[in-house]
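Below is the file run-v8.cif, which contains mmCIF, C-alpha atoms (C1' of nucleotides).
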```cif
data_entry
#
loop_
_atom_site.label_atom_id
_atom_site.label_comp_id
_atom_site.auth_asym_id
_atom_site.auth_seq_id
_atom_site.Cartn_x
_atom_site.Cartn_y
_atom_site.Cartn_z
CA MET A 127 0.00 0.00 0.00
CA GLU A 128 2.57 2.60 1.06
CA SER A 129 6.06 2.93 -0.20
CA PRO A 130 4.68 3.80 -3.58
CA ASP A 131 7.93 3.49 -5.38
CA PRO A 132 11.15 4.59 -3.83
CA THR A 133 13.28 3.96 -6.86
CA PRO A 134 14.39 7.22 -8.23
CA ALA A 135 17.58 5.70 -9.43
CA LYS A 136 17.38 2.43 -11.24
CA ALA A 137 15.54 -0.43 -9.63
CA ASN A 138 14.14 -1.95 -6.53
CA ALA A 139 16.98 -1.61 -4.04
CA GLY A 140 15.22 -3.14 -1.02
CA GLY A 141 14.65 -6.84 -0.67
CA ASP A 142 10.90 -6.54 -0.93
CA PRO A 143 9.69 -9.82 -2.38
CA ALA A 144 6.94 -8.84 -4.76
CA PRO A 145 7.17 -5.37 -6.19
CA PRO A 146 3.76 -5.84 -7.73
CA ALA A 147 4.39 -3.85 -10.83
CA GLU A 148 7.00 -1.51 -12.04
CA SER A 149 4.71 1.01 -13.57
CA LEU A 150 1.43 -0.18 -14.96
CA LEU A 151 -1.54 2.12 -15.13
CA PRO A 152 -4.73 0.64 -13.68
CA LEU A 153 -6.11 0.77 -17.17
CA GLN A 154 -3.23 -1.32 -18.43
CA ALA A 155 -3.50 -3.82 -15.60
CA GLU A 156 -7.17 -4.27 -16.39
CA ALA A 157 -6.50 -4.71 -20.08
CA ILE A 158 -3.89 -7.34 -19.33
CA GLU A 159 -6.49 -9.18 -17.25
CA VAL A 160 -8.71 -9.30 -20.28
CA PHE A 161 -5.96 -10.92 -22.31
CA VAL A 162 -5.14 -13.41 -19.59
CA ARG A 163 -8.71 -14.63 -19.80
CA LEU A 164 -8.57 -14.75 -23.55
CA ALA A 165 -5.37 -16.75 -23.40
CA ARG A 166 -6.95 -19.27 -21.08
CA LEU A 167 -9.93 -19.54 -23.37
CA PHE A 168 -7.56 -20.49 -26.15
CA GLY A 169 -5.71 -22.94 -23.97
CA GLN A 170 -2.61 -20.84 -23.53
CA PRO A 171 -0.75 -20.20 -20.28
CA LYS A 172 -1.47 -17.09 -18.33
CA SER A 173 1.98 -15.69 -19.00
CA VAL A 174 1.31 -15.65 -22.73
CA GLY A 175 -1.81 -13.61 -22.17
CA GLU A 176 0.08 -11.23 -19.93
CA ILE A 177 2.84 -10.71 -22.43
CA TYR A 178 0.58 -10.12 -25.37
CA GLY A 179 -1.67 -7.94 -23.24
CA LEU A 180 1.18 -5.76 -22.07
CA ILE A 181 2.47 -5.27 -25.58
CA TYR A 182 -1.01 -4.61 -26.89
CA ILE A 183 -1.74 -1.93 -24.34
CA SER A 184 1.67 -0.24 -24.43
CA PRO A 185 2.24 2.71 -26.73
CA GLU A 186 5.87 1.86 -27.38
CA PRO A 187 7.52 -1.36 -28.54
CA MET A 188 9.27 -3.18 -25.70
CA PRO A 189 12.23 -5.48 -25.35
CA MET A 190 12.12 -8.75 -23.48
CA ASP A 191 13.78 -7.59 -20.30
CA VAL A 192 11.33 -4.74 -19.85
CA ILE A 193 8.40 -7.06 -20.43
CA ALA A 194 9.74 -9.47 -17.84
CA SER A 195 10.24 -6.82 -15.22
CA ARG A 196 6.91 -5.08 -15.78
CA LEU A 197 5.10 -8.36 -15.39
CA ASN A 198 7.35 -9.90 -12.78
CA LEU A 199 8.01 -12.84 -15.02
CA SER A 200 11.22 -14.76 -15.33
CA LYS A 201 13.39 -14.43 -18.39
CA GLY A 202 12.59 -18.04 -19.18
CA SER A 203 8.84 -17.61 -19.28
CA THR A 204 9.11 -14.39 -21.16
CA SER A 205 11.37 -15.88 -23.77
CA GLN A 206 9.09 -18.84 -24.29
CA GLY A 207 5.98 -16.72 -24.35
CA LEU A 208 7.45 -14.41 -26.94
CA ARG A 209 8.52 -17.30 -29.07
CA LEU A 210 5.01 -18.66 -29.07
CA LEU A 211 3.53 -15.28 -29.88
CA LYS A 212 6.02 -14.73 -32.67
CA GLY A 213 5.07 -18.15 -34.01
CA LEU A 214 1.42 -17.22 -34.06
CA GLY A 215 2.20 -13.92 -35.67
CA ALA A 216 0.64 -12.11 -32.73
CA VAL A 217 3.74 -10.08 -32.04
CA ARG A 218 6.29 -8.59 -34.38
CA PRO A 219 9.95 -7.85 -33.67
CA ILE A 220 10.95 -4.33 -34.51
CA TYR A 221 14.42 -3.11 -35.14
CA GLN A 222 15.34 -0.17 -32.97
CA VAL A 223 18.39 1.81 -33.95
CA GLY A 224 21.15 1.95 -31.41
CA ASP A 225 19.79 -0.93 -29.37
CA ARG A 226 20.88 -4.48 -29.66
CA ARG A 227 17.72 -5.88 -28.13
CA ASP A 228 14.68 -6.97 -30.11
CA PHE A 229 11.67 -4.81 -29.49
CA TYR A 230 8.15 -6.12 -29.96
CA THR A 231 4.88 -4.64 -31.12
CA ALA A 232 1.46 -6.24 -31.13
CA GLU A 233 -0.19 -7.41 -34.27
CA THR A 234 -3.72 -6.14 -33.80
CA SER A 235 -5.51 -7.38 -36.86
CA LEU A 236 -8.05 -9.93 -35.75
CA LYS A 237 -7.69 -11.67 -39.07
CA LYS A 238 -4.01 -12.25 -38.57
CA LEU A 239 -4.32 -13.19 -34.93
CA VAL A 240 -7.01 -15.75 -35.44
CA GLY A 241 -5.46 -16.89 -38.67
CA GLY A 242 -2.18 -17.58 -36.92
CA TYR A 243 -3.92 -19.46 -34.17
CA LEU A 244 -5.87 -21.58 -36.62
CA ASP A 245 -2.80 -22.35 -38.70
CA ASP A 246 -0.46 -23.11 -35.86
CA ALA A 247 -2.68 -24.63 -33.24
CA ILE A 248 -5.89 -25.90 -34.76
CA ILE A 249 -5.09 -27.11 -38.24
CA PRO A 250 -2.32 -29.44 -37.02
CA LEU A 251 -4.77 -30.96 -34.56
CA LEU A 252 -7.31 -31.41 -37.30
CA ASN A 253 -4.77 -33.20 -39.45
CA GLN A 254 -3.74 -35.42 -36.60
CA GLY A 255 -7.41 -36.16 -36.15
CA GLN A 256 -7.65 -37.15 -39.78
CA ASP A 257 -4.93 -39.73 -39.31
CA ARG A 258 -6.68 -41.12 -36.30
CA LEU A 259 -9.94 -41.40 -38.13
CA ALA A 260 -8.20 -43.24 -40.92
CA HIS A 261 -6.83 -45.65 -38.36
CA LEU A 262 -10.28 -46.11 -36.93
CA GLN A 263 -11.64 -46.91 -40.34
CA ARG A 264 -8.92 -49.48 -40.82
CA LEU A 265 -9.70 -51.12 -37.50
CA LEU A 266 -13.31 -51.31 -38.48
CA GLU A 267 -12.54 -52.99 -41.77
CA GLU A 268 -10.06 -55.43 -40.30
CA ASP A 269 -12.03 -56.62 -37.32
CA GLY A 270 -13.59 -59.88 -38.33
CA GLY A 271 -15.09 -60.64 -34.95
CA LEU A 272 -18.10 -58.44 -35.28
CA THR A 273 -21.68 -59.43 -35.78
CA ALA A 274 -23.48 -57.86 -38.69
CA GLU A 275 -25.48 -55.76 -36.30
CA GLN A 276 -22.38 -54.45 -34.56
CA ARG A 277 -20.78 -53.68 -37.85
CA VAL A 278 -23.73 -51.58 -38.91
CA PHE A 279 -23.63 -49.61 -35.69
CA PHE A 280 -19.91 -48.95 -35.69
CA ASP A 281 -20.01 -48.08 -39.32
CA GLU A 282 -22.61 -45.48 -38.72
CA ARG A 283 -20.71 -43.93 -35.84
CA VAL A 284 -17.36 -43.83 -37.54
CA ASN A 285 -19.05 -42.34 -40.55
CA LYS A 286 -20.55 -39.64 -38.43
CA LEU A 287 -17.16 -38.84 -36.99
CA ASN A 288 -15.85 -38.41 -40.49
CA LYS A 289 -18.68 -36.08 -41.30
CA TRP A 290 -17.90 -33.97 -38.26
CA HIS A 291 -14.33 -33.77 -39.29
CA GLU A 292 -15.26 -32.65 -42.74
CA ARG A 293 -17.57 -30.02 -41.33
CA ALA A 294 -14.79 -28.63 -39.19
CA HIS A 295 -12.60 -28.44 -42.23
CA GLN A 296 -15.23 -26.44 -44.02
CA LEU A 297 -15.87 -24.21 -41.06
CA PHE A 298 -12.41 -22.73 -40.74
CA PRO A 299 -12.22 -20.97 -44.09
CA LEU A 300 -15.59 -19.52 -43.28
CA ILE A 301 -14.36 -18.11 -40.00
CA ARG A 302 -11.35 -16.67 -41.73
CA LYS A 303 -13.48 -15.04 -44.33
CA PHE A 304 -15.78 -13.56 -41.74
CA LEU A 305 -12.95 -12.15 -39.68
CA GLY A 306 -11.09 -11.01 -42.75
CA THR A 307 -13.58 -8.20 -43.00
CA SER A 308 -12.06 -6.69 -39.86
CA MET B 102 5.56 -49.05 -0.45
CA GLU B 103 4.72 -52.28 -2.24
CA SER B 104 2.08 -54.60 -0.79
CA PRO B 105 0.58 -54.63 -4.20
CA ASP B 106 -2.94 -55.61 -3.44
CA PRO B 107 -3.99 -58.16 -0.87
CA THR B 108 -7.30 -58.97 -2.51
CA PRO B 109 -6.79 -62.45 -3.81
CA ALA B 110 -10.44 -62.84 -4.56
CA LYS B 111 -11.41 -62.78 -8.18
CA ALA B 112 -10.10 -60.53 -10.87
CA ASN B 113 -6.62 -59.34 -11.41
CA ALA B 114 -4.64 -61.77 -9.33
CA GLY B 115 -1.24 -60.43 -10.36
CA GLY B 116 -0.12 -57.08 -9.07
CA ASP B 117 -0.67 -55.36 -12.37
CA PRO B 118 -1.94 -51.99 -11.43
CA ALA B 119 -4.11 -51.08 -14.37
CA PRO B 120 -6.41 -53.77 -15.64
CA PRO B 121 -6.63 -51.84 -18.83
CA ALA B 122 -10.21 -52.38 -19.79
CA GLU B 123 -13.08 -54.60 -18.88
CA SER B 124 -14.18 -55.35 -22.37
CA LEU B 125 -13.49 -52.72 -24.92
CA LEU B 126 -12.94 -53.59 -28.53
CA PRO B 127 -9.79 -52.08 -30.02
CA LEU B 128 -12.05 -50.08 -32.24
CA GLN B 129 -13.82 -48.66 -29.23
CA ALA B 130 -10.60 -47.87 -27.42
CA GLU B 131 -9.39 -46.00 -30.44
CA ALA B 132 -12.62 -44.05 -30.77
CA ILE B 133 -12.43 -43.09 -27.11
CA GLU B 134 -8.93 -41.77 -27.74
CA VAL B 135 -10.34 -39.52 -30.40
CA PHE B 136 -12.83 -38.08 -27.95
CA VAL B 137 -10.23 -37.60 -25.26
CA ARG B 138 -8.32 -35.40 -27.67
CA LEU B 139 -11.45 -33.54 -28.60
CA ALA B 140 -12.24 -32.97 -24.96
CA ARG B 141 -8.80 -31.51 -24.34
CA LEU B 142 -9.20 -29.27 -27.36
CA PHE B 143 -12.33 -27.89 -25.75
CA GLY B 144 -10.68 -27.50 -22.38
CA GLN B 145 -12.43 -30.39 -20.72
CA PRO B 146 -10.85 -33.07 -18.56
CA LYS B 147 -9.82 -36.33 -20.06
CA SER B 148 -12.45 -38.24 -18.13
CA VAL B 149 -15.22 -36.27 -19.80
CA GLY B 150 -13.89 -37.24 -23.19
CA GLU B 151 -13.64 -40.85 -22.13
CA ILE B 152 -17.17 -40.94 -20.86
CA TYR B 153 -18.71 -39.31 -23.88
CA GLY B 154 -16.54 -41.42 -26.16
CA LEU B 155 -17.60 -44.66 -24.53
CA ILE B 156 -21.25 -43.77 -24.75
CA TYR B 157 -20.87 -42.61 -28.32
CA ILE B 158 -19.22 -45.80 -29.46
CA SER B 159 -21.43 -48.21 -27.52
CA PRO B 160 -24.50 -49.71 -29.17
CA GLU B 161 -26.50 -49.82 -25.98
CA PRO B 162 -27.27 -47.15 -23.40
CA MET B 163 -25.21 -47.56 -20.24
CA PRO B 164 -25.64 -46.79 -16.58
CA MET B 165 -23.06 -44.95 -14.52
CA ASP B 166 -21.58 -47.95 -12.78
CA VAL B 167 -20.90 -49.74 -16.05
CA ILE B 168 -19.28 -46.63 -17.49
CA ALA B 169 -17.05 -46.31 -14.45
CA SER B 170 -15.93 -49.90 -14.53
CA ARG B 171 -15.32 -50.04 -18.30
CA LEU B 172 -13.16 -46.94 -18.07
CA ASN B 173 -11.60 -47.63 -14.69
CA LEU B 174 -12.89 -44.35 -13.38
CA SER B 175 -14.11 -43.65 -9.90
CA LYS B 176 -17.77 -43.14 -9.19
CA GLY B 177 -16.97 -39.55 -8.33
CA SER B 178 -15.39 -38.67 -11.65
CA THR B 179 -18.04 -40.50 -13.56
CA SER B 180 -20.82 -38.74 -11.75
CA GLN B 181 -19.27 -35.33 -12.33
CA GLY B 182 -18.48 -36.07 -15.93
CA LEU B 183 -22.00 -37.19 -16.63
CA ARG B 184 -23.40 -34.12 -14.97
CA LEU B 185 -21.30 -31.91 -17.20
CA LEU B 186 -22.29 -33.84 -20.30
CA LYS B 187 -25.95 -33.71 -19.35
CA GLY B 188 -25.57 -29.97 -18.85
CA LEU B 189 -24.14 -29.57 -22.33
CA GLY B 190 -26.85 -31.74 -23.77
CA ALA B 191 -24.22 -34.16 -25.04
CA VAL B 192 -25.73 -37.12 -23.30
CA ARG B 193 -29.33 -38.03 -22.63
CA PRO B 194 -30.71 -40.14 -19.77
CA ILE B 195 -32.95 -42.94 -20.92
CA TYR B 196 -35.48 -44.75 -18.88
CA GLN B 197 -35.00 -48.49 -18.93
CA VAL B 198 -37.86 -50.61 -17.69
CA GLY B 199 -37.11 -52.80 -14.74
CA ASP B 200 -33.93 -50.97 -13.84
CA ARG B 201 -33.62 -48.28 -11.29
CA ARG B 202 -30.44 -46.86 -12.76
CA ASP B 203 -30.30 -44.05 -15.28
CA PHE B 204 -28.99 -45.18 -18.62
CA TYR B 205 -27.32 -42.78 -21.00
CA THR B 206 -27.16 -42.39 -24.74
CA ALA B 207 -25.07 -40.01 -26.76
CA GLU B 208 -26.52 -37.00 -28.47
CA THR B 209 -24.84 -37.18 -31.84
CA SER B 210 -26.14 -34.13 -33.64
CA LEU B 211 -23.24 -31.77 -34.15
CA LYS B 212 -25.62 -28.87 -34.01
CA LYS B 213 -26.79 -29.79 -30.54
CA LEU B 214 -23.35 -30.65 -29.26
CA VAL B 215 -21.71 -27.47 -30.39
CA GLY B 216 -24.78 -25.46 -29.51
CA GLY B 217 -24.68 -26.76 -25.96
CA TYR B 218 -21.02 -25.98 -25.68
CA LEU B 219 -21.46 -22.47 -26.98
CA ASP B 220 -24.40 -21.78 -24.71
CA ASP B 221 -22.95 -23.24 -21.57
CA ALA B 222 -19.25 -22.53 -21.88
CA ILE B 223 -18.61 -19.78 -24.39
CA ILE B 224 -21.48 -17.35 -24.18
CA PRO B 225 -21.06 -16.87 -20.42
CA LEU B 226 -17.41 -16.06 -20.99
CA LEU B 227 -18.33 -13.59 -23.70
CA ASN B 228 -20.76 -11.86 -21.37
CA GLN B 229 -18.21 -11.71 -18.63
CA GLY B 230 -15.87 -10.20 -21.17
CA GLN B 231 -18.43 -7.58 -21.96
CA ASP B 232 -18.54 -6.50 -18.32
CA ARG B 233 -14.79 -6.28 -18.24
CA LEU B 234 -14.67 -4.18 -21.33
CA ALA B 235 -17.22 -1.82 -19.84
CA HIS B 236 -15.01 -1.50 -16.79
CA LEU B 237 -12.06 -0.78 -19.00
CA GLN B 238 -13.97 1.94 -20.76
CA ARG B 239 -14.86 3.48 -17.41
CA LEU B 240 -11.24 3.44 -16.29
CA LEU B 241 -10.26 5.15 -19.48
CA GLU B 242 -12.82 7.91 -19.02
CA GLU B 243 -12.01 8.44 -15.37
CA ASP B 244 -8.26 8.55 -15.56
CA GLY B 245 -7.30 12.21 -15.57
CA GLY B 246 -3.59 11.63 -15.44
CA LEU B 247 -3.12 10.89 -19.09
CA THR B 248 -1.51 13.02 -21.70
CA ALA B 249 -3.53 13.73 -24.81
CA GLU B 250 -1.28 11.43 -26.75
CA GLN B 251 -1.71 8.59 -24.31
CA ARG B 252 -5.43 9.07 -24.34
CA VAL B 253 -5.57 8.76 -28.08
CA PHE B 254 -3.58 5.55 -28.00
CA PHE B 255 -5.56 3.89 -25.24
CA ASP B 256 -8.78 4.96 -26.80
CA GLU B 257 -7.85 3.31 -30.03
CA ARG B 258 -6.85 0.08 -28.34
CA VAL B 259 -9.89 -0.18 -26.14
CA ASN B 260 -12.03 0.54 -29.13
CA LYS B 261 -10.42 -2.22 -31.04
CA LEU B 262 -11.09 -4.61 -28.21
CA ASN B 263 -14.73 -3.67 -28.34
CA LYS B 264 -14.79 -4.34 -32.04
CA TRP B 265 -13.30 -7.79 -31.50
CA HIS B 266 -15.91 -8.54 -28.95
CA GLU B 267 -18.66 -7.51 -31.26
CA ARG B 268 -17.22 -9.66 -34.02
CA ALA B 269 -17.19 -12.65 -31.76
CA HIS B 270 -20.81 -12.02 -30.92
CA GLN B 271 -21.65 -12.01 -34.59
CA LEU B 272 -19.60 -15.07 -35.32
CA PHE B 273 -21.41 -17.50 -33.07
CA PRO B 274 -24.83 -17.41 -34.72
CA LEU B 275 -23.01 -17.94 -37.96
CA ILE B 276 -21.30 -21.05 -36.66
CA ARG B 277 -24.58 -22.35 -35.39
CA LYS B 278 -26.24 -21.79 -38.70
CA PHE B 279 -23.45 -23.52 -40.53
CA LEU B 280 -23.51 -26.55 -38.27
CA GLY B 281 -27.27 -26.59 -38.19
CA THR B 282 -27.13 -28.03 -41.68
CA SER B 283 -25.70 -31.24 -40.21
"C1'" DG C 171 41.22 -12.04 -27.11
"C1'" DG C 172 38.23 -11.12 -22.91
"C1'" DC C 173 34.11 -8.85 -21.04
"C1'" DT C 174 29.25 -7.67 -21.38
"C1'" DT C 175 24.65 -7.88 -23.04
"C1'" DT C 176 20.88 -10.49 -24.93
"C1'" DG C 177 18.42 -14.37 -25.35
"C1'" DT C 178 17.53 -19.68 -25.14
"C1'" DT C 179 17.10 -24.18 -23.00
"C1'" DC C 180 15.77 -27.38 -19.82
"C1'" DA C 181 15.76 -29.80 -15.16
"C1'" DA C 182 13.76 -28.65 -10.78
"C1'" DT C 183 10.12 -26.44 -8.44
"C1'" DT C 184 5.62 -24.55 -7.83
"C1'" DA C 185 0.86 -23.89 -9.03
"C1'" DT C 186 -3.16 -25.60 -11.02
"C1'" DT C 187 -6.45 -29.07 -12.27
"C1'" DA C 188 -8.33 -33.64 -12.25
"C1'" DT C 189 -9.35 -37.77 -9.80
"C1'" DT C 190 -10.23 -40.56 -6.04
"C1'" DG C 191 -12.67 -42.50 -2.25
"C1'" DA C 192 -15.22 -42.25 1.80
"C1'" DA C 193 -19.13 -40.14 3.84
"C1'" DC C 194 -23.58 -38.99 2.90
"C1'" DA C 195 -28.46 -38.60 0.88
"C1'" DA C 196 -32.38 -40.40 -1.57
"C1'" DA C 197 -35.29 -43.80 -2.96
"C1'" DG C 198 -36.67 -48.58 -3.93
"C1'" DC C 199 -37.68 -53.03 -2.07
"C1'" DT C 200 -39.27 -56.75 1.32
"C1'" DA D 244 -39.26 -50.12 9.69
"C1'" DG D 245 -34.44 -51.88 8.09
"C1'" DC D 246 -31.48 -53.21 4.12
"C1'" DT D 247 -29.79 -52.36 -0.50
"C1'" DT D 248 -28.91 -49.91 -4.61
"C1'" DT D 249 -27.91 -45.65 -6.93
"C1'" DG D 250 -25.94 -41.47 -7.15
"C1'" DT D 251 -23.76 -36.93 -5.21
"C1'" DT D 252 -20.43 -34.12 -2.72
"C1'" DC D 253 -16.18 -32.63 -1.34
"C1'" DA D 254 -11.64 -32.83 1.17
"C1'" DA D 255 -7.42 -35.27 0.28
"C1'" DT D 256 -4.32 -36.94 -3.15
"C1'" DA D 257 -2.37 -37.58 -7.60
"C1'" DA D 258 -1.41 -35.98 -12.17
"C1'" DT D 259 -0.44 -32.32 -15.23
"C1'" DA D 260 1.02 -27.88 -16.68
"C1'" DA D 261 3.42 -23.53 -15.97
"C1'" DT D 262 7.21 -21.07 -14.11
"C1'" DT D 263 11.61 -20.35 -12.42
"C1'" DG D 264 16.50 -19.90 -12.43
"C1'" DA D 265 20.92 -21.31 -13.44
"C1'" DA D 266 23.80 -22.89 -17.09
"C1'" DC D 267 24.73 -22.06 -21.60
"C1'" DA D 268 25.27 -19.96 -26.43
"C1'" DA D 269 25.74 -16.11 -29.58
"C1'" DA D 270 27.10 -11.79 -30.76
"C1'" DG D 271 28.53 -7.03 -29.94
"C1'" DC D 272 32.01 -4.05 -28.06
"C1'" DC D 273 36.60 -2.45 -26.33
#
```

Structure re-expressed in C-alpha cells:
Amino acid sequence: MESPDPTPAKANAGGDPAPPAESLLPLQAEAIEVFVRLARLFGQPKSVGEIYGLIYISPEPMPMDVIASRLNLSKGSTSQGLRLLKGLGAVRPIYQVGDRRDFYTAETSLKKLVGGYLDDAIIPLLNQGQDRLAHLQRLLEEDGGLTAEQRVFFDERVNKLNKWHERAHQLFPLIRKFLGTS
Amino acid sequence: MESPDPTPAKANAGGDPAPPAESLLPLQAEAIEVFVRLARLFGQPKSVGEIYGLIYISPEPMPMDVIASRLNLSKGSTSQGLRLLKGLGAVRPIYQVGDRRDFYTAETSLKKLVGGYLDDAIIPLLNQGQDRLAHLQRLLEEDGGLTAEQRVFFDERVNKLNKWHERAHQLFPLIRKFLGTS
DNA sequence: GGCTTTGTTCAATTATTATTGAACAAAGCT
DNA sequence: AGCTTTGTTCAATAATAATTGAACAAAGCC
C-alpha cells in the first residue's frame, strides 16, 4: 500500500519480495487481465496472455527484459511466451536503432491473430485427427469378430465422426473469411 | 511401499496396477482416444472425453456404474463427468424398464453438441468479457492523469477490443447456422 | 582475445487441475 | 421399519502444466 515506489535511481533496491508492478496504469493492468482470460480460453498459459496484453496496451515497442520486469516474469517464461507469440504472428519484432535488443509490437488485426492461431494450433490438430480417423476406419474394416449388427452400428458412428471432421474443415475458411472483413 | 494388493479374490490376481479395460474392442478404445483429444481441445478433462466417447461408441445405453468400470474411473469422476455432459446436452438419460439406474445415450447431432457448448461454456465467458470491457472503458474515461497522446492511444486500443468482442458475438450465430445443416 | 549484453534451454520447483474415495443422501424393495 | 442400490459431494491426493532460475550460447564491443 505505502512505499509507492522509492526507486528514483534504477531499480528496486530493497529486498521486498513482490514489487507488484514496475509502472502499470490501472487501465493497463485491467486490459492485461482481459488478455489473460482470452489466453486461457484459447488454452494458452497465463503468461502468454500477460505478455501479449502488455504489448497490446503499451504505446511503445518493448524489449524482453522490460516485459519481464513489468510483469514480474522470469526471463525463461518471457522468452518462451514471446517465441510462441512470434510463431502465431501475434507479435512482431521491430528493429530499434542503437539498441541491440529486439523490441516487440502487437499485431492487432483480428484476421491475422485468429489466422495464426488456426494455422499453428488448430489445423495441425485437425490433421492429426484425420490420421486417427483413418486408423479407426482401418480397425473397423479389419475386425472380423463383429456381428453384422455391430458392424452396422460402428459403421454409422465412424461415418458420423468423419462427417464432423469434414464439417470442421469447411468451417475454418468460413471463420477466416468472416474475420477477414475486420 | 509395495504390498501390491492383498485382494486375492477374483479378478486381477497379479499385481498389475491397471487392468486396462473390462471389455473394450480395439475399435472402441481408439474411438475413445479420439474423444479424449477432442475434450482436451475444448478444455475439458480427459475423463469427460472418455465418458462421452464410450457412450458414443457403444451400441447400448449404459448406466453410470458400467461406465465407471469399463473406463476404470471412480464413481466420483463418472458422476461429475455425466453431470457436465448432461448440462451440455451431449448425453441423454434414458429410462429403462425394470432398472432403477439411469442409462445414457449419446446425443450425436453436431448442431446440438456445439450449440450446448457455446451456450454453456462460451457465451457466459463472452458476457463476462463484456462487463470487463465496460469497466475498462470506465477506467479510461475516469483517468485524468493521461496526456492527450496517451489518451488517443488507449482509446484506439480499447475501441479495437470492443470491435473484436462484437465480431465474436456475430460469429457465433453464424457457426450455429453452418452446423445446423448437419 | 576477454568482457558484457541479450536471449535460449531445460531440469527442478511450484501452481493448477483432475481424480479418487469415503461419507452422505435419496429412494426402492421386502 | 431396516437393508440395499444408486448417485452426489467434497476434502485429500495424484497428475499435469506452468514457471523459475541457473547454465549455456551467440554476438557485440573495447

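Run against this file, the PyMOL selection byres ((chain B) within 8 of (chain C)) gives back Pro146, Ser175, Gly177, Ser178 and Arg201 of chain B.
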
**Item:** Interface, chain D side, toward chain B (8 Å; all atoms listed in the file) as a ChimeraX atom specification
**Value:** /D:249-251

**Request:** Check the smallest atom-to-atom distance from each of A:Leu305, A:Val192, A:Ala165, A:Ala216 to chain B using only C-alpha atoms, then report the winner.
**Result:**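 Comparing A:Leu305, A:Val192, A:Ala165, A:Ala216 against chain B, the winner is A:Leu305.
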
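With only C-alpha atoms as the atoms that count, the minimum distance from chain A to the choices B:Pro127, B:Pro274, B:Gly216, B:Gly281 is reached by B:Pro127.
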
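CA of Glu267 in chain B to CA of Leu234 in chain B spans 11.2 Å [interatomic distance, one decimal].
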